[in-house]
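One structure below.
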Amino acid sequence: MLRTAPRLLRTICTTAAAYQHKLKLALIGQSVFGQEVYNKLRKEGHKVVGVFTVPDKNGQADPLALAAEKDGTPVFKFPKWRAKGKPIQEVVAAYKSVGAELNVLPFCTQFIPMDVIDCPKHGSIIYHPSILPRHRGASAINWTLIQGDKKAGFTIFWADDGLDTGPILLQRECDVGQNDTVDDLYNRFLFPEGVKAMVEAVHLIADGKAPRIPQPKEGATYEGIQKKENAEISWDQPAAALHNWIRGHDKVPGAWTTINGQVVTFYGSSLLDASVPAGQELTIKGASRPGLVTKNGLVVFGNDGKMVLVRNLQFEDGKMILASKYFSADETTALEFTEEEKKIAEDIRAIWKGILSNVSAIEDSTDFFKSGASSMHVVRMLEEIKQKHYGLQLQNEDVYMATKFADFIQMAVRKLRGEDKEEELVIDYVSKNMNNMTVNMPYQCFINGKFIDADDGKTYDTINPADGSVIASVSSASVADVDKAVAAAKKAFENGEWGRMNARERGRLMYRLADLMEEHQEELATIESIDSGAVYTLALKTHIGMSVQTFRYFAGWCDKIQGATIPINQARPNHNLTFTKKEPIGVCAIIIPWNYPLMMLAWKSAACLAAGNTLVLKPAQVTPLTSLKFAELSAKAGFPKGVINILPGSGGLVGQHLSEHPDVRKVGFTGSTPTGKQIMKSAAANLKKVSLELGGKSPLIIFSDCDLDRAVKMGMGAVYFNKGENCIAAGRLFVEESIHDEFVRKVVEEIKKMKIGDPLDRSTDHGPQNHKAHLEKLLQYCETGVKEGATLVYGGRQVHRPGFFMEPTVFTDVEDHMYIAQEESFGPVMVISKFKNGDVDGVLQRANATEYGLASGVFTKDINKALYISEKLEAGTVFINTYNKTDVAAPFGGFKLSGFGKDLGEEALHEYLRTKAITVEY
């Protein structure tokens with residue numbers, strides 16, 4: 001029987017309480033997968049009585065054999081089990097001598113005779129990388145991608161004498177992403193979940209609970225083993241089919257074509273949905289249209305005219321290059337080494353010799369992989385080099401790009417000299433002269449410390465709301481970009497410099513970033529103004545000013561995050577000490593709105609970073625520019641690569657994928673309540689932590705015993721601050737009837753004094769609404785108020801000038817059942833309702849009769865009344881005789897459908913920390 005490999009999905013709990021019985025097992029197979037299954041089964045208490053694996057290759061033992069030999073488990077290395085179609089009796093006898101009750105084949109590439117398969121009491125179970133009966137055969141996972149399946153998965157089945165046709169024990173499945181490769185599926189799902197499932201299957205058999213579900217004939221397929229000779233690319237296909245063929249063979253056996261008479265293998269493909277990029281033409285044999293070597297890779301065309309982007313190319317001699325470097329691949333001149341560099345080269349030669357023990361001597365022409373090394377040895381080699389030469393930081397990809405020793409040493413020395421380092425930060429700006437300065441704006445995705453185009457090349461225009469003009473064409477991140485950003489953030493958290501950094505150093509970087517933000521505050525405020533419509537003076541003071549304060553505040557918290565000791569009942573006489581640690585969560589997704597683009601970034605990111613996490617942030621699609629400028633400043637401040645990643649683009653695509661991504665452990669979101677609900681549903685799939693700051697309909701109660709002029713001033717600020725695009729804006733004013741008319745009159749008088757115009761004009765009071773669709777929504781909101789019978793006292797119309805300007809608006813005679821009394825406008829619309837003189841409890845009941853609970857306010861000179869009101873109001877923030885008075889040290893967040901969790905203050909840190917309890921007996 002031919003057995004095959006890969007890895008897989010979700011499993012149920014396999015605790016000792018659930019599974020009581022243990023078995024004597026024979027493991028037949030090889031690879032790191034087999035090694036992991038072996039280790040987990042032994043840890044669960046099963047006895048592995050024998051391991052049957054393959055002979056050493058090039059002097060290198062298989063990982064399964066290494067693990068078993070280390071434990072003293074009997075290991076048998078048979079080159080084959082059958083000869084001329086019949087079992088080899090000595091081999092079968094050796095197998096039977098161990099007395100196994102069950103054969104476990106986690107990844108077996110040999111033909112195992114039925115004498116062995118049926119020998120144990122419980123027979124044999126096998127792992128297969130497909131959702132049987134589809135894709136039977138050894139290349140099942142390749143064909144899953146080649147045929148464009150939307151679902152992948154694995155099956156553990158009972159072996160029989162057919163080709164993967166035995167009864168099914170259990171199956172798991174996962175989604176296939178548009179640009180997933182075999183490695184992606186293997187690493188994300190098939191390997192980790194497959195190991196768990198193999199252990200679960202053994203437990204089920206031990207307890208007599210394992211099913212035997214016959215495989216249906218319907219849907220059964222069999223495709224042949226994919227080998228290099230039949231992996232040639234056929235060009236007369238649509239782009240999607242070309243992409244599926246390439247990724248289905250990545251990394252083994254590799255889809256190839258002929259270029260300039262040489263076989264070239266393609267790796268790292270993705271569909272490219274964009275306009276045809278600029279590039280140098282490259283003729284490809286069999287292709288009706290030349291490829292294009294572009295700055296992002298090689299673009300090839302399907303017969304439907306659509307495009308595929310290929311990242312890496314490998315030549316017949318094994319050398320791999322970036323496809324973008326095809327025409328400059330051989331331009332590098334060999335280095336002359338210094339004496340110190342010669343010593344380093346010999347140190348690395350010794351490391352290679354330690355790994356390639358089967359090679360008599362490491363020559364300049366020695367190829368790492370052709371000499372028997374595997375991907376496991378790549379990690380070992382790089383770690384040994386890093387340990388011996390701490391300053392030399394190499395990546396796995398470096399080995400694949402320089403597989404011969406001489407090439408590898410050249411590459412390593414260039415990196416050591418810094419010759420191969422990219423510029424500190426390479427940025428393509430959109431530059432504009434405005435506001436008496438030159439404003440430089442990045443417009444690409446920021447991933448792993450670099451500004452790069454979206455994986456699929458897509459862009460969108462961000463619009464200046466003051467005149468409707470295009471500011472910049474911004475990269476629109478794809479699902480592939482989300483995966484890259486999350487992977488970078490995960491690596492930075494788990495293995496990078498950030499994860500090793502002490503708390504005070506983390507705080508130092510945050511202080512430095514705050515200083516840079518302050519240094520660039522005029523540029524940031526200008527970008528914020530043209531991108532969001534914020535009045536420049538307000539942007540300078542609040543949007544940018546509070547962002548700087550927030551980073552400085554949380555920078556101070558970095559080295560003050562503490563746990564506690566806990567007196568437990570068992571502390572004596574056994575001398576037990578219990579204490580808690582506050583730990584960072586990991587990769588956090590931060591999704592922010594468009595009303596305060598930089599400030600909302602700061603509120604969440606500063607707490608997230610102070611706690612020690614890494615982040616992937618999605619700015620609002622319509623206001624990405626200050627977030628991208630922030631990314632530039634974070635790199636200049638010295639934040640390590642991968643710690644901060646910024647992905648402009650669609651909320652439905654980028655935000656959704658972040659919410660459901662298994663490697664994201666926390667989502668912090670500010671935005672609408674419906675979107676918040678969707679994020680919670682997505683996050684529930686893998687139980688990630690969530691904090692939500694959502695919609696509001698904040699009540700402001702104004703009593704007749706207030707300071708009326710102050711109440712008018714603060715009430716207007718409560719509604720019209722930042723053009724009403726303010727999450728805590730007073731959504732409904734309740735004014736005591738004895739002062740109602742005078743209050744309205746004074747408000748209208750003050751509105752008429754407001755200057756509406758260019759937000760960069762220092763004398764402007766009221767700028768444009770954020771974007772066209774929002775303006776149209778506000779105008780419809782006002783029309784609804786009029787239709788329902790509310791009195792439109794002032795405004796309610798678009799200002800007749802270019803841009804998205806709206807008149808400040810006042811409604812009176814608003815009754816509780818009306819739409820504008822219940823729903824948030826998120827714009828410059830004052831909604832006023834009367835309440836009877838002295839009816840404190842009545843107005844409280846009306847104020848609380850909303851599904852929201854973000855903020856609230858009360859104006860009165862009676863302190864007892866004020867405190868009573870503040871106690872009864874159902875809102876996360878209550879303002880007394882003031883409004884909009886937020887501070888970086890005060891926690892901010894809502895109740896009910898306004899969300900949960902806090903931004904700002906010490907409480908915000910806890911949203912990005914987890915508590916671990918530790919008990920020590922001494």
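By convention here, the chains of the structure tokens are called A, B, ... in the order presented, each chain's residues are numbered starting at 1, and ligands are numbered starting at 1 in the order presented.
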
Checklist entry - Just asking: which residues within range 327-503 of chain A are helix (DSSP H, G or I) according to DSSP, as an NGL selection string? => result :A and (327-328 or 339-355 or 375-388 or 396-401 or 405-417 or 479-494 or 497-500 or 503)

List as a Markdown table every residue of range 453-551 of chain A that is in contact with range 577-595 of chain A, defined as an atom at most 7 Å from one of its atoms (using only C-alpha atoms), together with the nearest atom pair and the distance in Å rounded to one decimal, sorted by chain and then rising number.
```
| residue | atom | partner | partner_atom | distance |
| --- | --- | --- | --- | --- |
| A:Ala489 | CA | A:Val587 | CA | 6.0 |
| A:Lys490 | CA | A:Val587 | CA | 5.8 |
| A:Phe493 | CA | A:Gly586 | CA | 6.3 |
| A:Ser532 | CA | A:Asn595 | CA | 6.8 |
```

Checklist entry - range 167-280 of chain A: which residues are strand (DSSP E or B) by DSSP, as a PyMOL selection string? => result chain A and resi 168-175+213+222+232+255-259+262-272+280

Item to check | Given only C-alpha atoms as the counted atoms, nearest of A:Val643, A:Ala480, A:Leu382, A:Ile213 to Ser270 in chain A | outcome: A:Ala480

Item to check | For Lys80 in chain A: contacts at 10 Å, only C-alpha atoms, fewer than 5 positions along chain excluded, given as a PyMOL selection string | outcome: chain A and resi 53-55+87-88+91+110-112

Next on the checklist: I'd like the interatomic distance between CA of Lys777 in chain A and CA of Ser672 in chain A, to a tenth of an Å.
Outcome noted: 14.4 Å

Next on the checklist: One number please: CA of Pro442 in chain A to CA of Leu617 in chain A, in Å, one decimal.
Outcome noted: 15.5 Å

With only C-alpha atoms counted and 8 Å as the cut-off, give the residues of range 725-798 of chain A in contact with range 686-704 of chain A, each with its shortest interatomic distance in Å and the pair that gives it, as a Markdown table.
```
| residue | atom | partner | partner_atom | distance |
| --- | --- | --- | --- | --- |
| A:Cys727 | CA | A:Gly696 | CA | 6.3 |
| A:Ile728 | CA | A:Ser698 | CA | 6.3 |
| A:Ala729 | CA | A:Ser698 | CA | 6.5 |
| A:Ala730 | CA | A:Ser698 | CA | 4.8 |
| A:Gly731 | CA | A:Lys697 | CA | 4.6 |
| A:Arg732 | CA | A:Pro699 | CA | 5.1 |
| A:Leu733 | CA | A:Leu700 | CA | 4.8 |
| A:Phe734 | CA | A:Ile701 | CA | 4.7 |
| A:Val735 | CA | A:Ile702 | CA | 4.9 |
| A:Glu736 | CA | A:Phe703 | CA | 5.3 |
| A:Ser738 | CA | A:Ser704 | CA | 6.6 |
| A:Ile739 | CA | A:Ser704 | CA | 5.8 |
```

Contact residues around Trp498 in chain A with only C-alpha atoms at 9 Å, ignoring same-chain residues under 3 positions, as a tab-separated table (two decimals) with all heavy atoms, in the first residue's frame:
```tsv
chain	number	residue	atom	x	y	z
A	492	ALA	N	7.62	38.47	14.91
A	492	ALA	CA	8.23	39.52	15.75
A	492	ALA	C	7.91	39.29	17.23
A	492	ALA	O	8.75	39.54	18.10
A	492	ALA	CB	7.71	40.89	15.31
A	493	PHE	N	6.70	38.81	17.51
A	493	PHE	CA	6.30	38.57	18.90
A	493	PHE	C	6.98	37.33	19.48
A	493	PHE	O	7.49	37.36	20.61
A	493	PHE	CB	4.78	38.40	18.98
A	493	PHE	CG	4.28	38.11	20.38
A	493	PHE	CD1	4.19	39.13	21.31
A	493	PHE	CD2	3.91	36.83	20.74
A	493	PHE	CE1	3.73	38.87	22.60
A	493	PHE	CE2	3.45	36.56	22.02
A	493	PHE	CZ	3.36	37.59	22.96
A	494	GLU	N	7.02	36.25	18.71
A	494	GLU	CA	7.50	34.98	19.25
A	494	GLU	C	9.01	34.82	19.15
A	494	GLU	O	9.62	34.24	20.06
A	494	GLU	CB	6.83	33.82	18.51
A	494	GLU	CG	5.32	33.75	18.77
A	494	GLU	CD	4.66	32.59	18.03
A	494	GLU	OE1	5.34	31.95	17.20
A	494	GLU	OE2	3.47	32.33	18.30
A	495	ASN	N	9.61	35.31	18.09
A	495	ASN	CA	11.03	35.03	17.86
A	495	ASN	C	11.89	36.26	17.59
A	495	ASN	O	13.09	36.13	17.42
A	495	ASN	CB	11.17	34.07	16.65
A	495	ASN	CG	10.40	32.79	16.84
A	495	ASN	OD1	10.54	32.13	17.87
A	495	ASN	ND2	9.58	32.42	15.87
A	501	MET	N	12.83	42.09	24.04
A	501	MET	CA	13.13	43.44	24.53
A	501	MET	C	12.60	43.63	25.94
A	501	MET	O	11.49	43.21	26.26
A	501	MET	CB	12.51	44.46	23.58
A	501	MET	CG	12.91	45.90	23.84
A	501	MET	SD	12.13	47.01	22.62
A	501	MET	CE	12.96	46.50	21.12
A	502	ASN	N	13.40	44.27	26.80
A	502	ASN	CA	12.89	44.54	28.15
A	502	ASN	C	11.91	45.70	28.13
A	502	ASN	O	11.85	46.48	27.18
A	502	ASN	CB	14.04	44.78	29.15
A	502	ASN	CG	14.81	46.06	28.85
A	502	ASN	OD1	14.24	47.15	28.82
A	502	ASN	ND2	16.11	45.95	28.63
A	506	ARG	N	11.26	49.03	25.57
A	506	ARG	CA	9.99	49.18	24.84
A	506	ARG	C	9.42	50.58	25.07
A	506	ARG	O	8.97	51.25	24.15
A	506	ARG	CB	9.01	48.10	25.30
A	506	ARG	CG	7.79	47.98	24.44
A	506	ARG	CD	7.09	46.64	24.65
A	506	ARG	NE	6.52	46.50	25.98
A	506	ARG	CZ	6.88	45.58	26.87
A	506	ARG	NH1	7.83	44.71	26.58
A	506	ARG	NH2	6.29	45.51	28.05
A	612	GLY	N	3.31	44.91	25.28
A	612	GLY	CA	4.29	44.00	24.71
A	612	GLY	C	3.80	43.20	23.52
A	612	GLY	O	4.48	42.28	23.07
A	613	ASN	N	2.63	43.55	22.98
A	613	ASN	CA	2.08	42.84	21.84
A	613	ASN	C	2.63	43.40	20.53
A	613	ASN	O	3.27	44.44	20.50
A	613	ASN	CB	0.56	42.97	21.83
A	613	ASN	CG	-0.07	42.43	23.09
A	613	ASN	OD1	-0.12	41.24	23.31
A	613	ASN	ND2	-0.55	43.34	23.94
A	614	THR	N	2.34	42.69	19.45
A	614	THR	CA	2.55	43.24	18.11
A	614	THR	C	1.18	43.45	17.48
A	614	THR	O	0.18	42.92	17.96
A	614	THR	CB	3.38	42.28	17.25
A	614	THR	OG1	2.74	41.00	17.20
A	614	THR	CG2	4.76	42.12	17.81
A	639	PHE	N	11.34	50.90	15.81
A	639	PHE	CA	10.54	49.72	16.11
A	639	PHE	C	10.99	48.57	15.20
A	639	PHE	O	11.12	48.76	13.98
A	639	PHE	CB	9.06	50.00	15.90
A	639	PHE	CG	8.41	50.65	17.08
A	639	PHE	CD1	8.57	52.00	17.32
A	639	PHE	CD2	7.65	49.90	17.97
A	639	PHE	CE1	7.98	52.61	18.42
A	639	PHE	CE2	7.06	50.49	19.08
A	639	PHE	CZ	7.22	51.85	19.30
A	640	PRO	N	11.22	47.39	15.75
A	640	PRO	CA	11.67	46.27	14.92
A	640	PRO	C	10.64	45.90	13.87
A	640	PRO	O	9.43	46.14	14.03
A	640	PRO	CB	11.84	45.13	15.94
A	640	PRO	CG	12.01	45.80	17.26
A	640	PRO	CD	11.18	47.04	17.18
A	641	LYS	N	11.11	45.28	12.81
A	641	LYS	CA	10.23	44.84	11.73
A	641	LYS	C	9.16	43.89	12.26
A	641	LYS	O	9.43	43.03	13.10
A	641	LYS	CB	11.03	44.13	10.64
A	641	LYS	CG	11.94	45.05	9.86
A	641	LYS	CD	12.67	44.29	8.76
A	641	LYS	CE	13.56	45.24	7.95
A	641	LYS	NZ	14.28	44.51	6.87
A	642	GLY	N	7.96	44.06	11.75
A	642	GLY	CA	6.88	43.16	12.10
A	642	GLY	C	6.07	43.56	13.31
A	642	GLY	O	4.97	43.03	13.51
A	643	VAL	N	6.57	44.49	14.12
A	643	VAL	CA	5.85	44.89	15.33
A	643	VAL	C	4.60	45.68	14.97
A	643	VAL	O	3.52	45.47	15.55
A	643	VAL	CB	6.77	45.71	16.26
A	643	VAL	CG1	5.98	46.22	17.48
A	643	VAL	CG2	7.95	44.87	16.70
```

Next on the checklist: So that I can check the surroundings of Ala611 in chain A, please list as a VMD selection string every protein, DNA and RNA residue that reaches within 7 Å of it, counting only C-alpha atoms and ignoring chain neighbours fewer than 5 positions away.
Outcome noted: chain A and resid 558 584 909 912 to 913

Print the selection's residues with all heavy atoms to a file, as an mmCIF file, in the first residue's frame.
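Final file, out.cif:
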```cif
data_model
loop_
_atom_site.group_PDB
_atom_site.id
_atom_site.type_symbol
_atom_site.label_atom_id
_atom_site.label_comp_id
_atom_site.auth_asym_id
_atom_site.auth_seq_id
_atom_site.Cartn_x
_atom_site.Cartn_y
_atom_site.Cartn_z
ATOM 1 N N CYS A 558 5.065 50.969 30.519
ATOM 2 C CA CYS A 558 5.719 49.747 30.056
ATOM 3 C C CYS A 558 6.392 48.965 31.182
ATOM 4 O O CYS A 558 6.273 47.738 31.255
ATOM 5 C CB CYS A 558 6.749 50.080 28.972
ATOM 6 S SG CYS A 558 6.016 50.554 27.398
ATOM 7 N N PRO A 584 1.735 39.718 27.723
ATOM 8 C CA PRO A 584 1.093 40.158 26.473
ATOM 9 C C PRO A 584 0.347 39.000 25.820
ATOM 10 O O PRO A 584 0.650 37.830 26.052
ATOM 11 C CB PRO A 584 2.273 40.620 25.608
ATOM 12 C CG PRO A 584 3.469 39.917 26.173
ATOM 13 C CD PRO A 584 3.199 39.765 27.648
ATOM 14 N N LEU A 909 -4.753 48.860 29.443
ATOM 15 C CA LEU A 909 -3.675 47.872 29.401
ATOM 16 C C LEU A 909 -4.210 46.460 29.568
ATOM 17 O O LEU A 909 -3.736 45.514 28.935
ATOM 18 C CB LEU A 909 -2.654 48.156 30.507
ATOM 19 C CG LEU A 909 -1.699 49.317 30.273
ATOM 20 C CD1 LEU A 909 -0.921 49.602 31.539
ATOM 21 C CD2 LEU A 909 -0.744 49.003 29.129
ATOM 22 N N TYR A 912 -5.148 44.255 26.735
ATOM 23 C CA TYR A 912 -4.083 43.699 25.910
ATOM 24 C C TYR A 912 -3.126 42.816 26.719
ATOM 25 O O TYR A 912 -2.003 42.553 26.287
ATOM 26 C CB TYR A 912 -3.315 44.838 25.223
ATOM 27 C CG TYR A 912 -4.203 45.603 24.265
ATOM 28 C CD1 TYR A 912 -4.885 46.746 24.686
ATOM 29 C CD2 TYR A 912 -4.397 45.165 22.965
ATOM 30 C CE1 TYR A 912 -5.724 47.427 23.819
ATOM 31 C CE2 TYR A 912 -5.230 45.838 22.092
ATOM 32 C CZ TYR A 912 -5.891 46.968 22.530
ATOM 33 O OH TYR A 912 -6.720 47.637 21.666
ATOM 34 N N LEU A 913 -3.581 42.384 27.880
ATOM 35 C CA LEU A 913 -2.785 41.506 28.735
ATOM 36 C C LEU A 913 -3.587 40.271 29.108
ATOM 37 O O LEU A 913 -4.820 40.287 29.089
ATOM 38 C CB LEU A 913 -2.380 42.236 30.029
ATOM 39 C CG LEU A 913 -1.383 43.390 29.892
ATOM 40 C CD1 LEU A 913 -1.371 44.216 31.175
ATOM 41 C CD2 LEU A 913 0.015 42.879 29.572
#
```

When you look at Leu509 in chain A with a cut-off of 9 Å (counting only C-alpha atoms), what residues show up, excluding the ones that are within fewer than 3 positions of it in the same chain? I need them as a PDB file with all heavy atoms, in the first residue's frame.
```
ATOM      1  N   ARG A 504      11.572  48.545  29.702  1.00  0.00           N
ATOM      2  CA  ARG A 504      12.014  49.946  29.634  1.00  0.00           C
ATOM      3  C   ARG A 504      12.494  50.316  28.241  1.00  0.00           C
ATOM      4  O   ARG A 504      12.302  51.452  27.787  1.00  0.00           O
ATOM      5  CB  ARG A 504      13.098  50.197  30.677  1.00  0.00           C
ATOM      6  CG  ARG A 504      12.531  50.189  32.084  1.00  0.00           C
ATOM      7  CD  ARG A 504      13.524  50.494  33.150  1.00  0.00           C
ATOM      8  NE  ARG A 504      12.901  50.325  34.459  1.00  0.00           N
ATOM      9  CZ  ARG A 504      13.542  50.372  35.616  1.00  0.00           C
ATOM     10  NH1 ARG A 504      14.842  50.587  35.629  1.00  0.00           N
ATOM     11  NH2 ARG A 504      12.897  50.203  36.752  1.00  0.00           N
ATOM     12  N   GLU A 505      13.114  49.369  27.563  1.00  0.00           N
ATOM     13  CA  GLU A 505      13.519  49.630  26.189  1.00  0.00           C
ATOM     14  C   GLU A 505      12.286  49.813  25.305  1.00  0.00           C
ATOM     15  O   GLU A 505      12.265  50.661  24.409  1.00  0.00           O
ATOM     16  CB  GLU A 505      14.381  48.472  25.672  1.00  0.00           C
ATOM     17  CG  GLU A 505      14.802  48.594  24.227  1.00  0.00           C
ATOM     18  CD  GLU A 505      15.722  49.770  23.948  1.00  0.00           C
ATOM     19  OE1 GLU A 505      16.249  50.374  24.919  1.00  0.00           O
ATOM     20  OE2 GLU A 505      15.901  50.104  22.765  1.00  0.00           O
ATOM     21  N   ARG A 506      11.257  49.025  25.572  1.00  0.00           N
ATOM     22  CA  ARG A 506       9.994  49.183  24.839  1.00  0.00           C
ATOM     23  C   ARG A 506       9.425  50.580  25.071  1.00  0.00           C
ATOM     24  O   ARG A 506       8.968  51.246  24.146  1.00  0.00           O
ATOM     25  CB  ARG A 506       9.007  48.103  25.301  1.00  0.00           C
ATOM     26  CG  ARG A 506       7.794  47.977  24.438  1.00  0.00           C
ATOM     27  CD  ARG A 506       7.094  46.644  24.651  1.00  0.00           C
ATOM     28  NE  ARG A 506       6.525  46.501  25.977  1.00  0.00           N
ATOM     29  CZ  ARG A 506       6.877  45.580  26.866  1.00  0.00           C
ATOM     30  NH1 ARG A 506       7.830  44.709  26.581  1.00  0.00           N
ATOM     31  NH2 ARG A 506       6.292  45.505  28.049  1.00  0.00           N
ATOM     32  N   ARG A 512      10.269  57.759  21.961  1.00  0.00           N
ATOM     33  CA  ARG A 512      10.917  58.275  20.755  1.00  0.00           C
ATOM     34  C   ARG A 512       9.881  58.483  19.646  1.00  0.00           C
ATOM     35  O   ARG A 512       9.921  59.486  18.922  1.00  0.00           O
ATOM     36  CB  ARG A 512      12.003  57.313  20.284  1.00  0.00           C
ATOM     37  CG  ARG A 512      12.805  57.859  19.099  1.00  0.00           C
ATOM     38  CD  ARG A 512      13.768  56.810  18.576  1.00  0.00           C
ATOM     39  NE  ARG A 512      14.731  56.409  19.588  1.00  0.00           N
ATOM     40  CZ  ARG A 512      15.533  55.340  19.472  1.00  0.00           C
ATOM     41  NH1 ARG A 512      15.466  54.590  18.390  1.00  0.00           N
ATOM     42  NH2 ARG A 512      16.389  55.044  20.410  1.00  0.00           N
ATOM     43  N   LEU A 513       8.958  57.536  19.538  1.00  0.00           N
ATOM     44  CA  LEU A 513       7.902  57.678  18.537  1.00  0.00           C
ATOM     45  C   LEU A 513       7.026  58.887  18.832  1.00  0.00           C
ATOM     46  O   LEU A 513       6.656  59.644  17.922  1.00  0.00           O
ATOM     47  CB  LEU A 513       7.062  56.402  18.483  1.00  0.00           C
ATOM     48  CG  LEU A 513       5.863  56.391  17.524  1.00  0.00           C
ATOM     49  CD1 LEU A 513       6.278  56.756  16.106  1.00  0.00           C
ATOM     50  CD2 LEU A 513       5.185  55.023  17.542  1.00  0.00           C
ATOM     51  N   ALA A 514       6.693  59.089  20.099  1.00  0.00           N
ATOM     52  CA  ALA A 514       5.896  60.266  20.473  1.00  0.00           C
ATOM     53  C   ALA A 514       6.630  61.551  20.115  1.00  0.00           C
ATOM     54  O   ALA A 514       6.021  62.521  19.626  1.00  0.00           O
ATOM     55  CB  ALA A 514       5.584  60.227  21.965  1.00  0.00           C
ATOM     56  N   ALA A 555       3.801  54.868  27.245  1.00  0.00           N
ATOM     57  CA  ALA A 555       5.232  54.574  27.327  1.00  0.00           C
ATOM     58  C   ALA A 555       5.666  54.484  28.787  1.00  0.00           C
ATOM     59  O   ALA A 555       6.496  53.642  29.159  1.00  0.00           O
ATOM     60  CB  ALA A 555       6.036  55.650  26.598  1.00  0.00           C
ATOM     61  N   SER A 634       7.156  55.212  12.912  1.00  0.00           N
ATOM     62  CA  SER A 634       7.479  54.090  13.806  1.00  0.00           C
ATOM     63  C   SER A 634       8.765  53.402  13.363  1.00  0.00           C
ATOM     64  O   SER A 634       9.573  52.968  14.204  1.00  0.00           O
ATOM     65  CB  SER A 634       6.320  53.092  13.858  1.00  0.00           C
ATOM     66  OG  SER A 634       6.213  52.340  12.660  1.00  0.00           O
ATOM     67  N   ALA A 637      11.605  55.555  14.344  1.00  0.00           N
ATOM     68  CA  ALA A 637      11.815  55.498  15.792  1.00  0.00           C
ATOM     69  C   ALA A 637      12.599  54.263  16.197  1.00  0.00           C
ATOM     70  O   ALA A 637      13.115  54.205  17.315  1.00  0.00           O
ATOM     71  CB  ALA A 637      10.468  55.518  16.516  1.00  0.00           C
ATOM     72  N   GLY A 638      12.686  53.276  15.308  1.00  0.00           N
ATOM     73  CA  GLY A 638      13.464  52.082  15.607  1.00  0.00           C
ATOM     74  C   GLY A 638      12.657  50.868  16.003  1.00  0.00           C
ATOM     75  O   GLY A 638      13.221  49.879  16.475  1.00  0.00           O
ATOM     76  N   PHE A 639      11.341  50.904  15.805  1.00  0.00           N
ATOM     77  CA  PHE A 639      10.545  49.719  16.105  1.00  0.00           C
ATOM     78  C   PHE A 639      10.991  48.571  15.196  1.00  0.00           C
ATOM     79  O   PHE A 639      11.123  48.764  13.979  1.00  0.00           O
ATOM     80  CB  PHE A 639       9.061  49.998  15.901  1.00  0.00           C
ATOM     81  CG  PHE A 639       8.405  50.648  17.078  1.00  0.00           C
ATOM     82  CD1 PHE A 639       8.566  52.004  17.319  1.00  0.00           C
ATOM     83  CD2 PHE A 639       7.648  49.896  17.969  1.00  0.00           C
ATOM     84  CE1 PHE A 639       7.981  52.609  18.417  1.00  0.00           C
ATOM     85  CE2 PHE A 639       7.058  50.491  19.077  1.00  0.00           C
ATOM     86  CZ  PHE A 639       7.220  51.847  19.305  1.00  0.00           C
TER      87      PHE A 639
END
```

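The interatomic distance for the pair CA of Ala539 in chain A and CA of Phe721 in chain A works out to 11.4 Å.
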
Val49 in chain A: which residues within 6 Å, counting only C-alpha atoms, same-chain residues fewer than 6 positions away excluded, as a PDB file with N, CA, C and O atoms, in the first residue's frame?
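The resulting file, part-v6.pdb, is reproduced below:
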```pdb
ATOM      1  N   LEU A  25       1.783   0.210  20.519  1.00  0.00           N
ATOM      2  CA  LEU A  25       1.706   0.710  19.146  1.00  0.00           C
ATOM      3  C   LEU A  25       2.983   0.433  18.371  1.00  0.00           C
ATOM      4  O   LEU A  25       4.095   0.494  18.918  1.00  0.00           O
ATOM      5  N   ALA A  26       2.814   0.179  17.076  1.00  0.00           N
ATOM      6  CA  ALA A  26       3.924   0.206  16.127  1.00  0.00           C
ATOM      7  C   ALA A  26       3.721   1.412  15.228  1.00  0.00           C
ATOM      8  O   ALA A  26       2.640   1.592  14.659  1.00  0.00           O
ATOM      9  N   VAL A  98       7.596  -7.373  17.802  1.00  0.00           N
ATOM     10  CA  VAL A  98       7.365  -6.298  18.788  1.00  0.00           C
ATOM     11  C   VAL A  98       6.014  -6.443  19.474  1.00  0.00           C
ATOM     12  O   VAL A  98       5.764  -5.822  20.513  1.00  0.00           O
TER      13      VAL A  98
END
```

Item to check | Pick from A:Met114, A:Val359, A:Val535, A:Ala908 nearest to Leu609 in chain A, counting only C-alpha atoms | outcome: A:Ala908
